[in-house]
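Student: This one is start_20.tsv, TSV, C-alpha atoms.
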```tsv
chain	number	residue	atom	x	y	z
U	11	MET	CA	-32.80	11.51	31.79
U	12	LYS	CA	-31.50	13.63	28.96
U	13	PHE	CA	-32.47	11.12	26.24
U	14	ASP	CA	-35.84	10.39	24.63
U	15	ALA	CA	-34.61	7.18	23.00
U	16	ILE	CA	-31.97	4.53	23.62
U	17	VAL	CA	-30.77	2.18	20.88
U	18	PHE	CA	-28.89	-0.85	22.16
U	19	ASP	CA	-26.63	-3.30	20.43
U	20	PHE	CA	-27.62	-6.77	21.62
U	21	ASP	CA	-24.96	-9.46	21.89
U	22	GLY	CA	-22.04	-8.31	24.00
U	23	THR	CA	-23.97	-5.28	25.25
U	24	LEU	CA	-27.26	-6.47	26.77
U	25	GLY	CA	-26.37	-10.12	27.08
U	26	ASP	CA	-24.02	-12.97	26.34
U	27	SER	CA	-25.15	-15.61	23.86
U	28	GLY	CA	-21.82	-17.38	24.01
U	29	ILE	CA	-21.12	-16.53	20.36
U	30	SER	CA	-17.40	-16.12	20.87
U	31	ARG	CA	-14.49	-16.08	18.47
U	32	ASP	CA	-14.03	-19.83	18.99
U	33	VAL	CA	-17.70	-20.51	18.26
U	34	LEU	CA	-17.53	-18.45	15.05
U	35	VAL	CA	-14.36	-20.26	13.93
U	36	SER	CA	-16.14	-23.56	14.59
U	37	TRP	CA	-19.13	-22.42	12.52
U	38	CYS	CA	-16.83	-21.52	9.62
U	39	GLU	CA	-15.46	-25.06	9.76
U	40	GLN	CA	-18.90	-26.71	10.13
U	41	LEU	CA	-20.29	-24.74	7.20
U	42	SER	CA	-17.11	-25.13	5.10
U	43	LEU	CA	-16.72	-21.38	4.74
U	44	ASP	CA	-13.40	-20.12	3.45
U	45	CYS	CA	-13.34	-16.85	5.38
U	46	GLU	CA	-12.26	-15.24	8.61
U	47	TYR	CA	-14.66	-15.77	11.52
U	48	PHE	CA	-15.57	-12.07	11.68
U	49	GLU	CA	-16.50	-11.96	7.97
U	50	ILE	CA	-19.13	-14.74	7.85
U	51	ILE	CA	-22.11	-12.54	7.02
U	52	GLU	CA	-20.26	-10.55	4.37
U	53	TYR	CA	-18.71	-13.72	2.89
U	54	LEU	CA	-22.10	-15.39	2.46
U	55	HIS	CA	-23.18	-12.55	0.15
U	56	THR	CA	-20.30	-13.35	-2.22
U	57	LEU	CA	-21.44	-16.94	-2.83
U	58	PRO	CA	-23.60	-18.13	-5.75
U	59	SER	CA	-27.29	-17.92	-4.76
U	60	GLU	CA	-27.94	-21.67	-4.25
U	61	ILE	CA	-24.84	-22.13	-2.09
U	62	GLN	CA	-25.55	-18.86	-0.29
U	63	ALA	CA	-29.07	-20.03	0.60
U	64	GLU	CA	-27.81	-23.39	1.91
U	65	LYS	CA	-25.00	-21.85	3.99
U	66	THR	CA	-27.29	-19.10	5.30
U	67	ARG	CA	-29.82	-21.70	6.49
U	68	GLY	CA	-26.98	-23.50	8.28
U	69	LEU	CA	-25.77	-20.30	9.92
U	70	LEU	CA	-29.30	-19.37	11.02
U	71	ARG	CA	-29.75	-22.82	12.59
U	72	LEU	CA	-26.47	-22.52	14.52
U	73	GLU	CA	-27.26	-18.96	15.64
U	74	GLU	CA	-30.76	-19.87	16.79
U	75	GLN	CA	-29.41	-22.73	18.93
U	76	GLN	CA	-26.74	-20.52	20.46
U	77	MET	CA	-29.04	-17.53	21.07
U	78	ALA	CA	-31.42	-19.75	23.06
U	79	GLN	CA	-28.67	-19.85	25.72
U	80	THR	CA	-28.43	-16.05	26.06
U	81	GLU	CA	-28.01	-14.68	29.58
U	82	LEU	CA	-28.71	-10.99	30.09
U	83	TYR	CA	-26.02	-8.95	31.80
U	84	PRO	CA	-26.65	-7.40	35.22
U	85	GLY	CA	-28.43	-4.10	34.71
U	86	ALA	CA	-30.19	-5.03	31.45
U	87	VAL	CA	-33.59	-5.69	33.02
U	88	GLU	CA	-33.33	-2.48	35.05
U	89	TRP	CA	-32.67	-0.50	31.86
U	90	PHE	CA	-35.72	-2.00	30.13
U	91	SER	CA	-37.91	-1.37	33.16
U	92	TYR	CA	-36.74	2.24	33.56
U	93	LEU	CA	-37.21	3.05	29.88
U	94	ARG	CA	-40.70	1.51	29.80
U	95	ASN	CA	-41.78	3.21	33.06
U	96	HIS	CA	-40.56	6.62	31.84
U	97	ASN	CA	-41.96	6.34	28.28
U	98	ILE	CA	-38.48	6.47	26.75
U	99	LYS	CA	-38.30	4.77	23.37
U	100	CYS	CA	-36.08	1.70	23.12
U	101	ALA	CA	-34.74	-0.10	20.07
U	102	ILE	CA	-32.18	-2.80	19.34
U	103	TYR	CA	-29.79	-2.65	16.39
U	104	SER	CA	-27.80	-5.86	15.89
U	105	ARG	CA	-25.79	-7.98	13.48
U	106	ASN	CA	-27.98	-10.86	14.61
U	107	THR	CA	-31.43	-11.52	13.14
U	108	LYS	CA	-34.64	-9.90	14.28
U	109	LYS	CA	-36.17	-13.36	14.86
U	110	ASN	CA	-33.36	-14.44	17.21
U	111	ILE	CA	-33.52	-11.22	19.23
U	112	GLU	CA	-37.32	-11.42	19.48
U	113	ALA	CA	-37.03	-15.01	20.75
U	114	VAL	CA	-34.61	-13.99	23.51
U	115	LEU	CA	-36.69	-10.97	24.53
U	116	ASN	CA	-39.89	-13.06	24.57
U	117	ALA	CA	-38.21	-15.72	26.71
U	118	LYS	CA	-37.12	-12.99	29.16
U	119	GLN	CA	-40.57	-11.29	28.99
U	120	LEU	CA	-39.07	-8.04	27.70
U	121	SER	CA	-40.11	-5.81	24.83
U	122	VAL	CA	-38.74	-2.92	22.80
U	123	ASP	CA	-40.28	-0.50	20.34
U	124	MET	CA	-38.23	-1.69	17.36
U	125	ILE	CA	-35.66	-4.33	16.43
U	126	MET	CA	-33.32	-3.84	13.48
U	127	GLY	CA	-31.39	-6.98	12.61
U	128	ARG	CA	-29.18	-7.83	9.66
U	129	ASP	CA	-32.25	-9.30	7.96
U	130	CYS	CA	-33.91	-5.83	8.00
U	131	SER	CA	-31.06	-3.70	6.61
U	132	ILE	CA	-27.43	-3.78	5.55
U	133	PRO	CA	-25.56	-5.30	8.55
U	134	LYS	CA	-23.48	-3.19	10.92
U	135	PRO	CA	-21.01	-1.56	10.68
U	136	HIS	CA	-23.05	0.04	7.88
U	137	PRO	CA	-25.19	2.82	9.42
U	138	GLN	CA	-28.31	2.10	7.34
U	139	GLY	CA	-30.13	0.21	10.12
U	140	LEU	CA	-29.64	2.98	12.66
U	141	GLU	CA	-30.74	5.55	10.08
U	142	ILE	CA	-33.95	3.53	9.55
U	143	ILE	CA	-34.57	3.35	13.32
U	144	VAL	CA	-34.14	7.13	13.67
U	145	GLU	CA	-36.46	7.79	10.72
U	146	LYS	CA	-39.22	5.25	11.47
U	147	MET	CA	-39.32	6.08	15.18
U	148	ASN	CA	-39.14	9.82	14.42
U	149	LEU	CA	-36.24	10.31	16.83
U	150	ASP	CA	-34.44	13.54	17.63
U	151	LYS	CA	-30.77	12.68	17.00
U	152	ASP	CA	-29.60	15.05	19.75
U	153	ARG	CA	-31.75	13.17	22.27
U	154	THR	CA	-30.94	9.62	21.07
U	155	LEU	CA	-28.19	7.42	22.53
U	156	MET	CA	-26.61	4.41	20.79
U	157	VAL	CA	-25.22	1.97	23.39
U	158	GLY	CA	-22.85	-0.81	22.34
U	159	ASP	CA	-19.70	-2.76	23.07
U	160	SER	CA	-17.89	-2.10	19.78
U	161	LEU	CA	-16.12	1.08	18.74
U	162	ILE	CA	-16.61	0.25	15.06
U	163	SER	CA	-20.04	-1.43	14.91
U	164	ASP	CA	-21.73	0.72	17.54
U	165	VAL	CA	-19.92	3.95	18.44
U	166	GLN	CA	-18.67	4.79	14.94
U	167	VAL	CA	-22.08	3.93	13.46
U	168	GLY	CA	-23.78	6.19	16.01
U	169	LYS	CA	-21.36	9.01	15.20
U	170	LEU	CA	-21.99	8.61	11.45
U	171	VAL	CA	-25.74	8.91	12.01
U	172	GLY	CA	-25.33	11.87	14.38
U	173	VAL	CA	-26.61	10.41	17.67
U	174	LYS	CA	-24.85	10.37	21.03
U	175	THR	CA	-22.91	7.21	21.83
U	176	ALA	CA	-21.96	5.06	24.81
U	177	LEU	CA	-19.34	2.32	24.86
U	178	VAL	CA	-20.00	-0.48	27.32
U	179	ASN	CA	-16.46	-1.68	27.77
U	180	PHE	CA	-16.44	-4.76	29.99
U	181	GLU	CA	-12.70	-5.23	29.53
U	182	GLY	CA	-11.72	-1.63	30.25
U	183	GLY	CA	-9.98	0.96	28.10
U	184	HIS	CA	-10.34	1.58	24.40
U	185	ASN	CA	-7.48	2.17	22.03
U	186	ASP	CA	-8.89	4.06	19.08
U	187	GLU	CA	-8.35	7.77	19.65
U	188	LYS	CA	-10.18	8.61	16.41
U	189	ILE	CA	-13.48	7.19	17.66
U	190	GLU	CA	-14.46	8.85	20.90
U	191	PRO	CA	-17.75	7.84	22.55
U	192	ASP	CA	-19.75	10.38	24.53
U	193	TYR	CA	-19.88	7.94	27.46
U	194	VAL	CA	-17.70	5.01	28.48
U	195	TRP	CA	-19.06	2.56	31.07
U	196	LYS	CA	-17.44	-0.59	32.37
U	197	ASN	CA	-20.85	-2.29	32.38
U	198	LEU	CA	-24.59	-1.66	31.98
U	199	GLU	CA	-25.06	-1.06	35.68
U	200	GLU	CA	-22.61	1.85	35.61
U	201	GLY	CA	-24.48	3.41	32.70
U	202	TYR	CA	-27.80	2.89	34.46
U	203	LYS	CA	-26.51	4.64	37.58
U	204	GLU	CA	-25.16	7.57	35.54
U	205	LEU	CA	-28.23	8.19	33.41
U	206	CYS	CA	-31.22	6.71	35.21
U	207	ILE	CA	-30.71	7.32	38.93
```
Go ahead and render the structure in this file as structure tokens.
Tutor:
Amino acid sequence: MKFDAIVFDFDGTLGDSGISRDVLVSWCEQLSLDCEYFEIIEYLHTLPSEIQAEKTRGLLRLEEQQMAQTELYPGAVEWFSYLRNHNIKCAIYSRNTKKNIEAVLNAKQLSVDMIMGRDCSIPKPHPQGLEIIVEKMNLDKDRTLMVGDSLISDVQVGKLVGVKTALVNFEGGHNDEKIEPDYVWKNLEEGYKELCI
């Protein structure tokens, strides 16, 4: 393998928690949030501190319940096994919380070297979390790969930090010609076959 470290996005890349657009819209309604479903995290930071704390607790409760249902995608366990067996560093960088990701990994009996959630840094698509991972894990940017399912939150962030990038594109094709990943795979298994076998 040409990489010494792999940084994965979590939801939508390694597994499916079922946190879909419809679920997020429902959460906005349940929490009485006056924002678009994709802006929940950012919107919470605009609220007065007492309301923010209450709404954040509600969001964390809903997320924790939903994350408990996470199913890993085919190929995810093989990636973790390969990386561990070949002493390749592995981290997760997500818009979810570190606690939720740890709970899923523990339930699946998997481990990584570092988890960077939105509770540890400015949430994606800000590159701060990936910059912290690179620094704290002492990674060589030329030998680090960011793997994710979003051109903006994963590939663009990886490009801003200066690491190689892979888009796991389950639906096929990507439309943004300005953001070009180094690799495009239809699923994790395809990426595993290209880089690990």
Student: Quick one: of U:Met147, U:Val87, U:Leu57, U:Val171, who's nearest to Asp44 in chain U, counting all atoms listed in the file?
Tutor: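 Ranking U:Met147, U:Val87, U:Leu57, U:Val171 by distance to Asp44 in chain U, first place goes to U:Leu57.
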Student: Write out as a list in words each polymer residue whose atoms come within 12 Å of Leu69 in chain U, counting all atoms listed in the file; drop sequence neighbours fewer than 6 positions from it.
Tutor: Val33, Leu34, Ser36, Trp37, Cys38, Glu39, Gln40, Leu41, Ser42, Leu43, Ile50, Ile51, Tyr53, Leu54, Gln62, Ala63, Gln75, Gln76, Met77, Asn106 and Thr107 of chain U
Student: Using only C-alpha atoms for the distances, tell me which of U:Leu82, U:Leu198, U:Ser30, U:Pro191 is nearest to Ala117 in chain U.
Tutor: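 Counting only C-alpha atoms, the residue closest to Ala117 in chain U is U:Leu82.
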Student: When you count all atoms listed in the file, which of these residues is closest to Gln79 in chain U: U:Met124, U:Lys109, U:Ile29, U:His96?
Tutor: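 For Gln79 in chain U, the nearest of the given residues is U:Ile29.
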Student: Counting all atoms listed in the file, which residue out of U:Gly139, U:Pro133, U:Pro84, U:Gly168 sits closest to Glu49 in chain U?
Tutor: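 Closest to Glu49 in chain U, using all atoms listed in the file: U:Pro133.
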Student: Rebuild range 43-57 of chain U so that it carries N, CA and C atoms, then output the result as a PDB file, in the coordinates of the input.
Tutor:
```pdb
ATOM      1  N   LEU U  43     -16.869 -22.738   5.253  1.00  0.00           N
ATOM      2  CA  LEU U  43     -16.720 -21.380   4.740  1.00  0.00           C
ATOM      3  C   LEU U  43     -15.251 -21.002   4.733  1.00  0.00           C
ATOM      4  N   ASP U  44     -14.793 -20.507   3.611  1.00  0.00           N
ATOM      5  CA  ASP U  44     -13.400 -20.120   3.450  1.00  0.00           C
ATOM      6  C   ASP U  44     -13.247 -18.629   3.724  1.00  0.00           C
ATOM      7  N   CYS U  45     -13.436 -18.262   5.015  1.00  0.00           N
ATOM      8  CA  CYS U  45     -13.340 -16.850   5.380  1.00  0.00           C
ATOM      9  C   CYS U  45     -12.912 -16.732   6.833  1.00  0.00           C
ATOM     10  N   GLU U  46     -12.575 -15.524   7.214  1.00  0.00           N
ATOM     11  CA  GLU U  46     -12.260 -15.240   8.610  1.00  0.00           C
ATOM     12  C   GLU U  46     -13.553 -15.268   9.412  1.00  0.00           C
ATOM     13  N   TYR U  47     -13.469 -15.632  10.682  1.00  0.00           N
ATOM     14  CA  TYR U  47     -14.660 -15.770  11.520  1.00  0.00           C
ATOM     15  C   TYR U  47     -15.494 -14.492  11.600  1.00  0.00           C
ATOM     16  N   PHE U  48     -14.845 -13.331  11.543  1.00  0.00           N
ATOM     17  CA  PHE U  48     -15.570 -12.070  11.680  1.00  0.00           C
ATOM     18  C   PHE U  48     -16.186 -11.587  10.376  1.00  0.00           C
ATOM     19  N   GLU U  49     -15.998 -12.349   9.292  1.00  0.00           N
ATOM     20  CA  GLU U  49     -16.500 -11.960   7.970  1.00  0.00           C
ATOM     21  C   GLU U  49     -17.603 -12.879   7.464  1.00  0.00           C
ATOM     22  N   ILE U  50     -18.176 -13.729   8.318  1.00  0.00           N
ATOM     23  CA  ILE U  50     -19.130 -14.740   7.850  1.00  0.00           C
ATOM     24  C   ILE U  50     -20.280 -14.113   7.076  1.00  0.00           C
ATOM     25  N   ILE U  51     -20.924 -13.129   7.649  1.00  0.00           N
ATOM     26  CA  ILE U  51     -22.110 -12.540   7.020  1.00  0.00           C
ATOM     27  C   ILE U  51     -21.758 -11.938   5.664  1.00  0.00           C
ATOM     28  N   GLU U  52     -20.680 -11.172   5.626  1.00  0.00           N
ATOM     29  CA  GLU U  52     -20.260 -10.550   4.370  1.00  0.00           C
ATOM     30  C   GLU U  52     -19.849 -11.609   3.345  1.00  0.00           C
ATOM     31  N   TYR U  53     -19.160 -12.654   3.791  1.00  0.00           N
ATOM     32  CA  TYR U  53     -18.710 -13.720   2.890  1.00  0.00           C
ATOM     33  C   TYR U  53     -19.892 -14.434   2.232  1.00  0.00           C
ATOM     34  N   LEU U  54     -20.942 -14.686   3.013  1.00  0.00           N
ATOM     35  CA  LEU U  54     -22.100 -15.390   2.460  1.00  0.00           C
ATOM     36  C   LEU U  54     -22.671 -14.657   1.242  1.00  0.00           C
ATOM     37  N   HIS U  55     -22.629 -13.345   1.250  1.00  0.00           N
ATOM     38  CA  HIS U  55     -23.180 -12.550   0.150  1.00  0.00           C
ATOM     39  C   HIS U  55     -22.346 -12.650  -1.124  1.00  0.00           C
ATOM     40  N   THR U  56     -21.140 -13.210  -1.033  1.00  0.00           N
ATOM     41  CA  THR U  56     -20.300 -13.350  -2.220  1.00  0.00           C
ATOM     42  C   THR U  56     -20.506 -14.693  -2.918  1.00  0.00           C
ATOM     43  N   LEU U  57     -21.253 -15.593  -2.295  1.00  0.00           N
ATOM     44  CA  LEU U  57     -21.440 -16.940  -2.830  1.00  0.00           C
ATOM     45  C   LEU U  57     -22.555 -16.975  -3.877  1.00  0.00           C
TER      46      LEU U  57
END
```
